[in-house]
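With TSV, C-alpha atoms inside, this is query13.tsv:
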```
chain	number	residue	atom	x	y	z
E	4	MET	CA	94.80	122.64	83.52
E	5	SER	CA	96.61	124.46	80.72
E	6	GLN	CA	94.87	127.69	81.75
E	7	LYS	CA	97.26	130.17	83.24
E	8	TYR	CA	95.59	130.85	86.54
E	9	PHE	CA	98.37	132.98	87.98
E	10	GLU	CA	98.52	135.22	84.92
E	11	LEU	CA	94.79	135.78	85.04
E	12	PHE	CA	95.14	137.56	88.38
E	13	GLY	CA	98.37	139.38	87.60
E	14	LEU	CA	100.35	137.07	89.88
E	15	GLY	CA	103.78	135.56	89.37
E	16	GLN	CA	103.98	131.79	89.15
E	17	THR	CA	105.13	131.21	92.73
E	18	PHE	CA	103.76	129.42	95.76
E	19	THR	CA	103.85	132.59	97.82
E	20	ILE	CA	101.15	134.91	96.57
E	21	ASP	CA	99.64	138.14	97.78
E	22	LEU	CA	96.12	137.09	98.69
E	23	SER	CA	94.86	140.69	98.52
E	24	VAL	CA	96.03	140.93	94.89
E	25	LEU	CA	94.28	137.64	94.14
E	26	GLU	CA	91.14	138.88	95.84
E	27	SER	CA	91.00	142.28	94.11
E	28	HIS	CA	91.69	140.91	90.62
E	29	TYR	CA	89.09	138.22	91.15
E	30	ARG	CA	86.46	140.79	92.15
E	31	LYS	CA	87.33	142.96	89.15
E	32	ILE	CA	86.93	140.08	86.72
E	33	GLN	CA	83.71	138.90	88.35
E	34	SER	CA	82.14	142.35	88.19
E	35	ALA	CA	83.30	142.93	84.60
E	36	ALA	CA	81.79	139.60	83.61
E	37	HIS	CA	78.60	140.01	85.63
E	38	PRO	CA	75.45	138.97	83.69
E	39	ASP	CA	73.78	142.34	84.52
E	40	ARG	CA	76.26	144.04	82.21
E	41	PHE	CA	75.35	141.74	79.35
E	42	VAL	CA	71.57	142.06	79.31
E	43	THR	CA	71.59	143.68	75.87
E	44	ALA	CA	74.72	141.96	74.61
E	45	THR	CA	74.84	139.45	71.76
E	46	SER	CA	74.61	135.80	72.69
E	47	ALA	CA	78.27	135.36	71.75
E	48	GLU	CA	79.25	138.13	74.18
E	49	LYS	CA	77.05	136.62	76.86
E	50	ARG	CA	78.67	133.24	76.39
E	51	GLU	CA	82.13	134.73	76.47
E	52	SER	CA	81.50	136.65	79.68
E	53	MET	CA	80.06	133.55	81.31
E	54	GLN	CA	83.10	131.51	80.32
E	55	MET	CA	85.33	134.21	81.78
E	56	ALA	CA	83.40	134.19	85.06
E	57	THR	CA	83.63	130.41	85.27
E	58	LEU	CA	87.34	130.41	84.54
E	59	ALA	CA	87.99	133.15	87.10
E	60	ASN	CA	86.03	131.24	89.69
E	61	GLU	CA	87.94	128.02	89.03
E	62	ALA	CA	91.26	129.83	89.11
E	63	TYR	CA	90.38	131.69	92.29
E	64	GLN	CA	89.30	128.54	94.13
E	65	THR	CA	92.47	126.77	93.00
E	66	LEU	CA	94.90	129.50	94.03
E	67	LYS	CA	93.24	130.55	97.27
E	68	LYS	CA	94.10	127.42	99.28
E	69	PRO	CA	97.73	126.33	99.78
E	70	ALA	CA	97.09	122.65	98.97
E	71	SER	CA	95.29	123.23	95.67
E	72	ARG	CA	97.73	126.02	94.75
E	73	ALA	CA	100.66	123.66	95.34
E	74	LYS	CA	98.96	120.88	93.38
E	75	TYR	CA	98.33	123.31	90.51
E	76	LEU	CA	101.91	124.58	90.54
E	77	LEU	CA	103.12	120.98	90.33
E	78	SER	CA	100.70	120.24	87.48
E	79	LEU	CA	102.25	123.13	85.52
E	80	ASN	CA	105.47	121.12	85.83
E	81	ASP	CA	103.71	117.94	84.65
E	82	ILE	CA	103.61	116.42	88.13
E	83	ASP	CA	100.39	114.85	89.37
E	84	ALA	CA	100.59	115.01	93.17
E	85	THR	CA	97.59	112.78	93.69
E	86	GLN	CA	98.37	110.15	91.08
E	87	GLU	CA	96.50	107.01	92.10
E	88	THR	CA	99.38	104.69	91.34
E	89	ASN	CA	101.61	106.55	93.77
E	90	THR	CA	100.81	105.19	97.23
E	91	ALA	CA	104.22	105.48	98.87
E	92	MET	CA	104.35	107.88	101.80
E	93	PRO	CA	106.77	108.13	104.70
E	94	MET	CA	105.94	105.45	107.30
E	95	ASP	CA	105.99	107.87	110.25
E	96	PHE	CA	103.58	110.20	108.47
E	97	LEU	CA	101.16	107.35	107.77
E	98	MET	CA	101.44	106.13	111.38
E	99	GLN	CA	100.52	109.64	112.49
E	100	GLN	CA	97.60	109.60	110.05
E	101	MET	CA	96.36	106.35	111.57
E	102	GLU	CA	96.55	107.85	115.06
E	103	TRP	CA	94.65	110.94	113.96
E	104	ARG	CA	92.04	108.78	112.26
E	105	GLU	CA	91.70	106.68	115.42
E	106	SER	CA	91.19	109.76	117.60
E	107	LEU	CA	88.65	111.03	115.10
E	108	GLU	CA	86.71	107.76	115.29
E	109	ASP	CA	86.89	107.76	119.10
E	110	PHE	CA	85.70	111.36	119.49
E	111	LYS	CA	83.00	110.71	116.93
E	112	SER	CA	81.57	107.71	118.77
E	113	LEU	CA	81.73	109.61	122.08
E	114	LYS	CA	80.08	112.62	120.38
E	115	ASP	CA	82.90	114.67	121.90
E	116	VAL	CA	82.79	117.97	120.01
E	117	GLY	CA	85.48	119.49	122.25
E	118	GLY	CA	87.81	116.62	121.41
E	119	LEU	CA	87.10	117.03	117.70
E	120	ASP	CA	87.77	120.76	117.94
E	121	GLY	CA	91.09	120.05	119.63
E	122	LEU	CA	91.98	117.59	116.90
E	123	ALA	CA	91.00	120.14	114.24
E	124	LYS	CA	93.35	122.67	115.85
E	125	GLU	CA	96.17	120.13	115.77
E	126	MET	CA	95.44	119.52	112.08
E	127	HIS	CA	95.47	123.23	111.28
E	128	GLN	CA	98.81	123.60	112.97
E	129	ALA	CA	100.24	120.68	111.03
E	130	ALA	CA	98.81	122.14	107.81
E	131	LYS	CA	100.35	125.52	108.58
E	132	ALA	CA	103.77	123.99	109.16
E	133	LEU	CA	103.55	122.14	105.83
E	134	ALA	CA	102.47	125.30	103.99
E	135	THR	CA	105.50	127.10	105.44
E	136	GLU	CA	107.69	124.22	104.25
E	137	LEU	CA	106.21	124.62	100.78
E	138	ILE	CA	107.29	128.27	100.61
E	139	THR	CA	110.89	127.16	101.07
E	140	LEU	CA	110.62	124.16	98.74
E	141	PHE	CA	108.91	125.96	95.86
E	142	ASP	CA	110.14	129.52	96.04
E	143	GLU	CA	113.61	129.21	97.53
E	144	HIS	CA	114.88	125.77	96.50
E	145	ASN	CA	112.63	124.94	93.56
E	146	ASP	CA	112.76	121.36	94.86
E	147	LEU	CA	109.74	119.87	93.12
E	148	VAL	CA	110.37	116.33	94.35
E	149	LYS	CA	110.21	117.33	97.99
E	150	ALA	CA	107.43	119.80	97.26
E	151	THR	CA	105.39	116.92	95.83
E	152	ASP	CA	105.82	114.90	99.04
E	153	THR	CA	104.86	117.86	101.19
E	154	THR	CA	101.87	118.66	99.00
E	155	ARG	CA	100.69	115.06	99.33
E	156	LYS	CA	100.92	115.36	103.12
E	157	LEU	CA	99.00	118.61	103.07
E	158	ILE	CA	96.22	117.09	100.95
E	159	PHE	CA	96.06	114.19	103.40
E	160	ILE	CA	95.73	116.51	106.37
E	161	ASN	CA	93.06	118.59	104.67
E	162	LYS	CA	91.07	115.40	104.12
E	163	VAL	CA	91.20	114.65	107.86
E	164	CYS	CA	90.08	118.25	108.56
E	165	GLU	CA	87.16	117.79	106.18
E	166	ASP	CA	86.15	114.59	107.95
E	167	ILE	CA	86.46	116.25	111.39
E	168	ASN	CA	84.15	119.04	110.24
E	169	LYS	CA	81.71	116.51	108.84
E	170	ALA	CA	81.70	114.66	112.17
E	171	ILE	CA	81.10	117.90	114.11
E	172	THR	CA	78.20	118.86	111.83
E	173	GLN	CA	76.70	115.40	112.23
E	174	ILE	CA	76.85	115.57	116.03
E	175	GLU	CA	75.45	119.09	116.18
E	176	ASP	CA	72.57	118.39	113.81
D	5	MET	CA	77.26	104.17	94.62
D	6	ALA	CA	76.20	100.56	94.85
D	7	TYR	CA	78.78	98.21	96.31
D	8	SER	CA	78.98	94.62	95.14
D	9	ASP	CA	77.86	91.88	97.53
D	10	LYS	CA	81.46	90.81	98.04
D	11	VAL	CA	82.54	94.32	98.99
D	12	LEU	CA	79.61	94.60	101.40
D	13	ASP	CA	80.44	91.24	102.94
D	14	HIS	CA	84.06	92.23	103.62
D	15	TYR	CA	83.03	95.69	104.72
D	16	GLU	CA	80.47	94.42	107.21
D	17	ASN	CA	82.52	91.43	108.37
D	18	PRO	CA	86.11	92.42	107.79
D	19	ARG	CA	88.52	89.48	108.17
D	20	ASN	CA	91.76	89.70	110.11
D	21	VAL	CA	91.52	93.21	111.44
D	22	GLY	CA	94.30	94.06	113.86
D	23	SER	CA	98.04	94.11	114.28
D	24	LEU	CA	100.96	91.75	114.71
D	25	ASP	CA	104.09	92.44	116.72
D	26	LYS	CA	106.01	94.79	114.46
D	27	ASN	CA	109.27	94.05	116.28
D	28	ASP	CA	109.01	90.32	115.57
D	29	PRO	CA	111.74	89.53	113.01
D	30	ASN	CA	109.24	87.31	111.18
D	31	VAL	CA	106.67	90.07	110.79
D	32	GLY	CA	106.66	92.46	107.83
D	33	THR	CA	104.72	95.71	107.86
D	34	GLY	CA	103.48	97.60	104.81
D	35	MET	CA	101.92	101.03	105.03
D	36	VAL	CA	100.55	102.97	102.10
D	37	GLY	CA	98.29	105.94	101.57
D	38	ALA	CA	96.28	107.76	98.92
D	39	PRO	CA	96.21	111.53	99.46
D	40	ALA	CA	93.27	112.22	97.13
D	41	CYS	CA	90.81	110.19	99.18
D	42	GLY	CA	92.71	110.18	102.48
D	43	ASP	CA	92.89	106.38	102.67
D	44	VAL	CA	95.55	104.82	104.89
D	45	MET	CA	96.26	101.10	104.85
D	46	LYS	CA	98.47	99.02	107.12
D	47	LEU	CA	99.13	95.40	106.31
D	48	MET	CA	101.20	93.03	108.45
D	49	ILE	CA	102.30	89.53	107.50
D	50	LYS	CA	103.95	86.83	109.62
D	51	VAL	CA	106.16	84.27	107.94
D	52	ASP	CA	106.78	80.82	109.45
D	53	GLY	CA	110.03	78.81	109.41
D	54	THR	CA	109.29	77.33	105.98
D	55	GLY	CA	108.76	80.70	104.31
D	56	LEU	CA	104.98	80.53	104.20
D	57	ILE	CA	102.77	83.37	105.38
D	58	GLU	CA	101.04	82.00	108.46
D	59	ASP	CA	99.16	85.12	109.50
D	60	ALA	CA	98.07	88.44	108.05
D	61	LYS	CA	96.35	91.39	109.68
D	62	PHE	CA	95.23	94.75	108.39
D	63	LYS	CA	93.97	98.08	109.51
D	64	THR	CA	92.50	100.48	106.96
D	65	TYR	CA	90.98	103.90	107.18
D	66	GLY	CA	89.04	104.61	104.05
D	67	CYS	CA	86.00	103.77	102.01
D	68	GLY	CA	84.26	100.39	101.84
D	69	SER	CA	86.22	99.32	98.78
D	70	ALA	CA	89.56	100.04	100.48
D	71	ILE	CA	88.53	98.05	103.55
D	72	ALA	CA	87.20	95.18	101.42
D	73	SER	CA	90.38	95.13	99.31
D	74	SER	CA	92.62	94.83	102.36
D	75	SER	CA	90.34	92.33	104.09
D	76	LEU	CA	90.31	90.15	100.97
D	77	VAL	CA	94.09	90.13	100.57
D	78	THR	CA	94.65	89.04	104.18
D	79	GLU	CA	92.59	85.94	103.30
D	80	TRP	CA	94.53	85.37	100.11
D	81	LEU	CA	97.93	85.83	101.74
D	82	LYS	CA	97.65	83.07	104.30
D	83	GLY	CA	99.46	79.92	103.15
D	84	LYS	CA	101.22	81.70	100.29
D	85	THR	CA	104.98	82.11	99.99
D	86	VAL	CA	106.36	85.63	100.13
D	87	ASP	CA	107.22	85.42	96.42
D	88	GLU	CA	103.68	84.38	95.55
D	89	ALA	CA	102.32	87.21	97.66
D	90	TYR	CA	104.50	89.69	95.80
D	91	LYS	CA	102.90	88.61	92.54
D	92	ILE	CA	99.31	89.42	93.58
D	93	LYS	CA	97.98	91.98	91.13
D	94	ASN	CA	95.49	94.72	91.83
D	95	SER	CA	93.47	93.60	88.80
D	96	ALA	CA	92.78	90.25	90.52
D	97	ILE	CA	91.55	92.06	93.64
D	98	ALA	CA	89.38	94.43	91.60
D	99	GLU	CA	87.94	91.52	89.64
D	100	GLU	CA	87.15	89.42	92.72
D	101	LEU	CA	85.37	92.35	94.38
D	102	ALA	CA	83.79	93.62	91.14
D	103	LEU	CA	85.13	97.11	91.83
D	104	PRO	CA	83.86	99.87	89.53
D	105	PRO	CA	86.51	101.92	87.63
D	106	VAL	CA	86.44	104.79	90.16
D	107	LYS	CA	87.38	102.36	92.93
D	108	ILE	CA	90.23	100.59	91.16
D	109	HIS	CA	92.68	102.74	93.10
D	110	CYS	CA	91.59	100.92	96.29
D	111	SER	CA	92.90	97.67	94.86
D	112	VAL	CA	96.12	99.46	93.83
D	113	LEU	CA	96.50	100.48	97.46
D	114	ALA	CA	96.09	96.85	98.60
D	115	GLU	CA	98.63	95.57	96.05
D	116	ASP	CA	101.12	98.22	97.11
D	117	ALA	CA	100.55	97.39	100.78
D	118	ILE	CA	101.45	93.75	100.08
D	119	LYS	CA	104.58	94.81	98.18
D	120	ALA	CA	105.60	97.11	101.04
D	121	ALA	CA	105.05	94.38	103.64
D	122	VAL	CA	107.04	91.89	101.56
D	123	ALA	CA	109.86	94.41	101.11
D	124	ASP	CA	109.91	94.93	104.86
D	125	ILE	CA	110.09	91.23	105.70
D	126	ARG	CA	112.82	90.67	103.09
D	127	GLU	CA	114.83	93.51	104.55
D	128	LYS	CA	114.42	92.11	108.07
D	129	GLN	CA	115.42	88.62	106.98
D	130	ALA	CA	118.47	89.92	105.15
D	131	ALA	CA	119.47	91.83	108.26
D	132	THR	CA	119.11	88.71	110.46
D	133	LYS	CA	121.21	86.69	108.04
D	134	GLU	CA	123.93	89.30	108.14
D	135	ALA	CA	123.86	89.32	111.91
D	136	LYS	CA	124.50	85.56	111.91
```

Conversion result in structure tokens:
Amino acid sequence: MSQKYFELFGLGQTFTIDLSVLESHYRKIQSAAHPDRFVTATSAEKRESMQMATLANEAYQTLKKPASRAKYLLSLNDIDATQETNTAMPMDFLMQQMEWRESLEDFKSLKDVGGLDGLAKEMHQAAKALATELITLFDEHNDLVKATDTTRKLIFINKVCEDINKAITQIED
Amino acid sequence: MAYSDKVLDHYENPRNVGSLDKNDPNVGTGMVGAPACGDVMKLMIKVDGTGLIEDAKFKTYGCGSAIASSSLVTEWLKGKTVDEAYKIKNSAIAEELALPPVKIHCSVLAEDAIKAAVADIREKQAATKEAK
């Protein structure tokens, strides 16, 4: 995690990033490190270009999504947002999680894809609201304590989204 | 990953699933969550007039180990005092269920759920005392 992902793509170390800058730098690095360019290169050069491609890929995947970008930003400040010994979350948020999980189970057993889609939309909206909150917390207030809480919520919601998608795929298969 | 027989037993026949009346002054509720795996755990305990836990219920969304951990602790909690309950360690849960290292966090969740439920009941009892 000590790799400077933001620097690699010419980005400042902020939560708000220009995705088109991320995208174009990523493409540039990937094409410069493409194996086709290293057919006649020495094995050391080949290894180096492969390491670069791997690093760029890792960095790109991390920065692209708000939740992993937030988690990475926190890690640069020595905060582990998903530390296993930290299980405290606001009660109302966890109650909401339970309700979402219950709806997910219900729709799943009824094979109700429409219901699952609706739930997914609700999740995306909640995720969007949290990502907007993170802009304020990271880039305006630099409030890392609150940003950690919000990041934890966002990771939680993404997990529900993942499970909704899994359920939809299962039904449609 | 292979689950131990004890985990499977609790997973297939979870004990004490459900809820208690959260507005009952003798009921304490603990809710905890683990963002990385998306587990949510709710544990409720009911204390009788002598300070013993007479009932415990849980509801958990998560993997088999998380469900087994919460199911197991509801069995352990019954008949214990609140102070004894507070002392239950995750290592004891993990040992009883033979949890592999990657699932230890499920037992941490269960321990923290107990602590949260105990904190809630203590807070409620302190509030009732003050009211009197």

Extract, using only C-alpha atoms, all DNA, RNA and protein residues at most 10 Å from E:Lys156, discarding same-chain residues fewer than 2 positions from it, and format them as a PDB file with C-alpha atoms, in the coordinates of the input.
```pdb
ATOM      1  CA  ALA E  70      97.090 122.650  98.970  1.00  0.00           C
ATOM      2  CA  ALA E  84     100.590 115.010  93.170  1.00  0.00           C
ATOM      3  CA  MET E  92     104.350 107.880 101.800  1.00  0.00           C
ATOM      4  CA  PRO E  93     106.770 108.130 104.700  1.00  0.00           C
ATOM      5  CA  PHE E  96     103.580 110.200 108.470  1.00  0.00           C
ATOM      6  CA  LEU E  97     101.160 107.350 107.770  1.00  0.00           C
ATOM      7  CA  GLN E 100      97.600 109.600 110.050  1.00  0.00           C
ATOM      8  CA  ALA E 129     100.240 120.680 111.030  1.00  0.00           C
ATOM      9  CA  ALA E 130      98.810 122.140 107.810  1.00  0.00           C
ATOM     10  CA  LEU E 133     103.550 122.140 105.830  1.00  0.00           C
ATOM     11  CA  ALA E 150     107.430 119.800  97.260  1.00  0.00           C
ATOM     12  CA  THR E 151     105.390 116.920  95.830  1.00  0.00           C
ATOM     13  CA  ASP E 152     105.820 114.900  99.040  1.00  0.00           C
ATOM     14  CA  THR E 153     104.860 117.860 101.190  1.00  0.00           C
ATOM     15  CA  THR E 154     101.870 118.660  99.000  1.00  0.00           C
ATOM     16  CA  ILE E 158      96.220 117.090 100.950  1.00  0.00           C
ATOM     17  CA  PHE E 159      96.060 114.190 103.400  1.00  0.00           C
ATOM     18  CA  ILE E 160      95.730 116.510 106.370  1.00  0.00           C
ATOM     19  CA  ASN E 161      93.060 118.590 104.670  1.00  0.00           C
ATOM     20  CA  LYS E 162      91.070 115.400 104.120  1.00  0.00           C
TER      21      LYS E 162
ATOM     22  CA  GLY D  37      98.290 105.940 101.570  1.00  0.00           C
ATOM     23  CA  ALA D  38      96.280 107.760  98.920  1.00  0.00           C
ATOM     24  CA  PRO D  39      96.210 111.530  99.460  1.00  0.00           C
ATOM     25  CA  GLY D  42      92.710 110.180 102.480  1.00  0.00           C
TER      26      GLY D  42
END
```

- Task: Go through D:Arg126, D:Lys84, D:His109, D:Lys136 and flag the residue nearest E:Thr88, using all atoms listed in the file for the distances.
- Result: D:His109

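Close contacts of D:Ala96, defined as residues with an atom at most 10 Å away when counting all atoms listed in the file, with chain neighbours fewer than 6 positions off set aside, comprise D:Ala102, D:Ser111, D:Glu115.
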
- Task: Find the residue from D:Gly83, D:Arg19, D:Lys63, D:Cys41 that sits nearest to E:Glu102; use only C-alpha atoms when measuring.
- Result: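 Closest to E:Glu102 of all the choices is D:Lys63.
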
- Message: Using Å and a single decimal, report how far atom CA of D:Lys61 sits from atom CA of D:Lys46.
- Response: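 Atom CA of D:Lys61 lies 8.3 Å from atom CA of D:Lys46.
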
- Got a sec: who's within 7 Å of stretch 23-29 of chain D, counting all atoms listed in the file, leaving out chain neighbours fewer than 6 positions off, as a VMD selection string? chain D and resid 48 61 to 62 128

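Each of D:Val36, D:Met45, D:Val21, D:Ala117 was checked against chain E using only C-alpha atoms; the smallest atom-to-atom distance is that of D:Val36.
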
Give me the box for stretch 64-72 of chain D as JSON, namely the centre and edge lengths in Å to one decimal of a box along x, y and z that holds every listed atom plus 4 Å on each side.
```
{"center_x": 88.4, "center_y": 99.9, "center_z": 103.0, "size_x": 16.2, "size_y": 17.4, "size_z": 16.4}
```

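Picture a line from atom CA of D:Ile125 to atom CA of D:Ile92; it runs 16.3 Å.
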
- Message: Given the point (97.6, 79.6, 103.6) in the coordinates of this file, which residues lie within 12 Å, counting all atoms listed in the file, and how would they look as a ChimeraX atom specification?
- Response: /D:49-52,55-60,77-86,88-89

- Message: Calculated over all atoms listed in the file, which of the candidates D:Gly66, D:Ile118, D:Ala6, D:Ile71 has the smallest distance to E:Asp166?
- Response: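 So, comparing all the options, the nearest one is D:Gly66.
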
E:Asn60: which residues within 12 Å, counting all atoms listed in the file, same-chain residues fewer than 3 positions away excluded, as a PDB file with C-alpha atoms, in the coordinates of the input?
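After the write, selection.pdb holds the following:
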```pdb
ATOM      1  CA  TYR E   8      95.590 130.850  86.540  1.00  0.00           C
ATOM      2  CA  LEU E  11      94.790 135.780  85.040  1.00  0.00           C
ATOM      3  CA  PHE E  12      95.140 137.560  88.380  1.00  0.00           C
ATOM      4  CA  LEU E  25      94.280 137.640  94.140  1.00  0.00           C
ATOM      5  CA  GLU E  26      91.140 138.880  95.840  1.00  0.00           C
ATOM      6  CA  HIS E  28      91.690 140.910  90.620  1.00  0.00           C
ATOM      7  CA  TYR E  29      89.090 138.220  91.150  1.00  0.00           C
ATOM      8  CA  ARG E  30      86.460 140.790  92.150  1.00  0.00           C
ATOM      9  CA  LYS E  31      87.330 142.960  89.150  1.00  0.00           C
ATOM     10  CA  ILE E  32      86.930 140.080  86.720  1.00  0.00           C
ATOM     11  CA  GLN E  33      83.710 138.900  88.350  1.00  0.00           C
ATOM     12  CA  SER E  34      82.140 142.350  88.190  1.00  0.00           C
ATOM     13  CA  ALA E  36      81.790 139.600  83.610  1.00  0.00           C
ATOM     14  CA  MET E  53      80.060 133.550  81.310  1.00  0.00           C
ATOM     15  CA  GLN E  54      83.100 131.510  80.320  1.00  0.00           C
ATOM     16  CA  MET E  55      85.330 134.210  81.780  1.00  0.00           C
ATOM     17  CA  ALA E  56      83.400 134.190  85.060  1.00  0.00           C
ATOM     18  CA  THR E  57      83.630 130.410  85.270  1.00  0.00           C
ATOM     19  CA  TYR E  63      90.380 131.690  92.290  1.00  0.00           C
ATOM     20  CA  GLN E  64      89.300 128.540  94.130  1.00  0.00           C
ATOM     21  CA  THR E  65      92.470 126.770  93.000  1.00  0.00           C
ATOM     22  CA  LEU E  66      94.900 129.500  94.030  1.00  0.00           C
ATOM     23  CA  LYS E  67      93.240 130.550  97.270  1.00  0.00           C
TER      24      LYS E  67
END
```

All heavy atoms for stretch 89-97 of chain D, written as an mmCIF file, in the coordinates of the input, could you do that?
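Now in result-v5.cif:
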```
data_model
loop_
_atom_site.group_PDB
_atom_site.id
_atom_site.type_symbol
_atom_site.label_atom_id
_atom_site.label_comp_id
_atom_site.auth_asym_id
_atom_site.auth_seq_id
_atom_site.Cartn_x
_atom_site.Cartn_y
_atom_site.Cartn_z
ATOM 1 N N ALA D 89 103.036 86.024 97.179
ATOM 2 C CA ALA D 89 102.320 87.210 97.660
ATOM 3 C C ALA D 89 102.705 88.427 96.835
ATOM 4 O O ALA D 89 101.855 89.230 96.455
ATOM 5 C CB ALA D 89 102.659 87.452 99.135
ATOM 6 N N TYR D 90 103.987 88.534 96.536
ATOM 7 C CA TYR D 90 104.500 89.690 95.800
ATOM 8 C C TYR D 90 103.870 89.777 94.413
ATOM 9 O O TYR D 90 103.804 90.843 93.822
ATOM 10 C CB TYR D 90 106.027 89.587 95.682
ATOM 11 C CG TYR D 90 106.681 90.901 95.350
ATOM 12 C CD1 TYR D 90 106.908 91.846 96.349
ATOM 13 C CD2 TYR D 90 107.061 91.212 94.048
ATOM 14 C CE1 TYR D 90 107.496 93.071 96.054
ATOM 15 C CE2 TYR D 90 107.650 92.434 93.741
ATOM 16 C CZ TYR D 90 107.857 93.360 94.753
ATOM 17 O OH TYR D 90 108.436 94.560 94.466
ATOM 18 N N LYS D 91 103.429 88.631 93.910
ATOM 19 C CA LYS D 91 102.900 88.610 92.540
ATOM 20 C C LYS D 91 101.411 88.927 92.461
ATOM 21 O O LYS D 91 100.845 88.998 91.368
ATOM 22 C CB LYS D 91 103.161 87.241 91.908
ATOM 23 C CG LYS D 91 104.614 87.062 91.513
ATOM 24 C CD LYS D 91 104.818 85.712 90.848
ATOM 25 C CE LYS D 91 106.296 85.366 90.767
ATOM 26 N NZ LYS D 91 106.537 83.943 91.071
ATOM 27 N N ILE D 92 100.749 89.107 93.606
ATOM 28 C CA ILE D 92 99.310 89.420 93.580
ATOM 29 C C ILE D 92 99.096 90.775 92.900
ATOM 30 O O ILE D 92 99.743 91.761 93.244
ATOM 31 C CB ILE D 92 98.717 89.430 95.008
ATOM 32 C CG1 ILE D 92 98.738 88.010 95.590
ATOM 33 C CG2 ILE D 92 97.277 89.978 94.995
ATOM 34 C CD1 ILE D 92 98.251 87.919 97.034
ATOM 35 N N LYS D 93 98.199 90.763 91.922
ATOM 36 C CA LYS D 93 97.980 91.980 91.130
ATOM 37 C C LYS D 93 96.682 92.666 91.555
ATOM 38 O O LYS D 93 95.706 92.007 91.898
ATOM 39 C CB LYS D 93 97.887 91.617 89.645
ATOM 40 C CG LYS D 93 99.215 91.275 89.015
ATOM 41 C CD LYS D 93 99.886 92.513 88.447
ATOM 42 C CE LYS D 93 101.315 92.260 87.998
ATOM 43 N NZ LYS D 93 102.255 92.010 89.108
ATOM 44 N N ASN D 94 96.690 93.962 91.458
ATOM 45 C CA ASN D 94 95.490 94.720 91.830
ATOM 46 C C ASN D 94 94.291 94.332 90.957
ATOM 47 O O ASN D 94 93.153 94.345 91.396
ATOM 48 C CB ASN D 94 95.761 96.222 91.764
ATOM 49 C CG ASN D 94 95.595 96.788 90.382
ATOM 50 O OD1 ASN D 94 96.448 96.599 89.526
ATOM 51 N ND2 ASN D 94 94.470 97.444 90.140
ATOM 52 N N SER D 95 94.574 93.951 89.703
ATOM 53 C CA SER D 95 93.470 93.600 88.800
ATOM 54 C C SER D 95 92.711 92.372 89.323
ATOM 55 O O SER D 95 91.490 92.288 89.183
ATOM 56 C CB SER D 95 93.999 93.341 87.389
ATOM 57 O OG SER D 95 95.078 92.435 87.428
ATOM 58 N N ALA D 96 93.437 91.444 89.965
ATOM 59 C CA ALA D 96 92.780 90.250 90.520
ATOM 60 C C ALA D 96 91.874 90.642 91.685
ATOM 61 O O ALA D 96 90.772 90.115 91.834
ATOM 62 C CB ALA D 96 93.845 89.253 90.979
ATOM 63 N N ILE D 97 92.351 91.585 92.495
ATOM 64 C CA ILE D 97 91.550 92.060 93.640
ATOM 65 C C ILE D 97 90.296 92.768 93.128
ATOM 66 O O ILE D 97 89.185 92.505 93.581
ATOM 67 C CB ILE D 97 92.389 93.039 94.506
ATOM 68 C CG1 ILE D 97 93.672 92.368 95.007
ATOM 69 C CG2 ILE D 97 91.552 93.583 95.671
ATOM 70 C CD1 ILE D 97 94.731 93.325 95.541
#
```
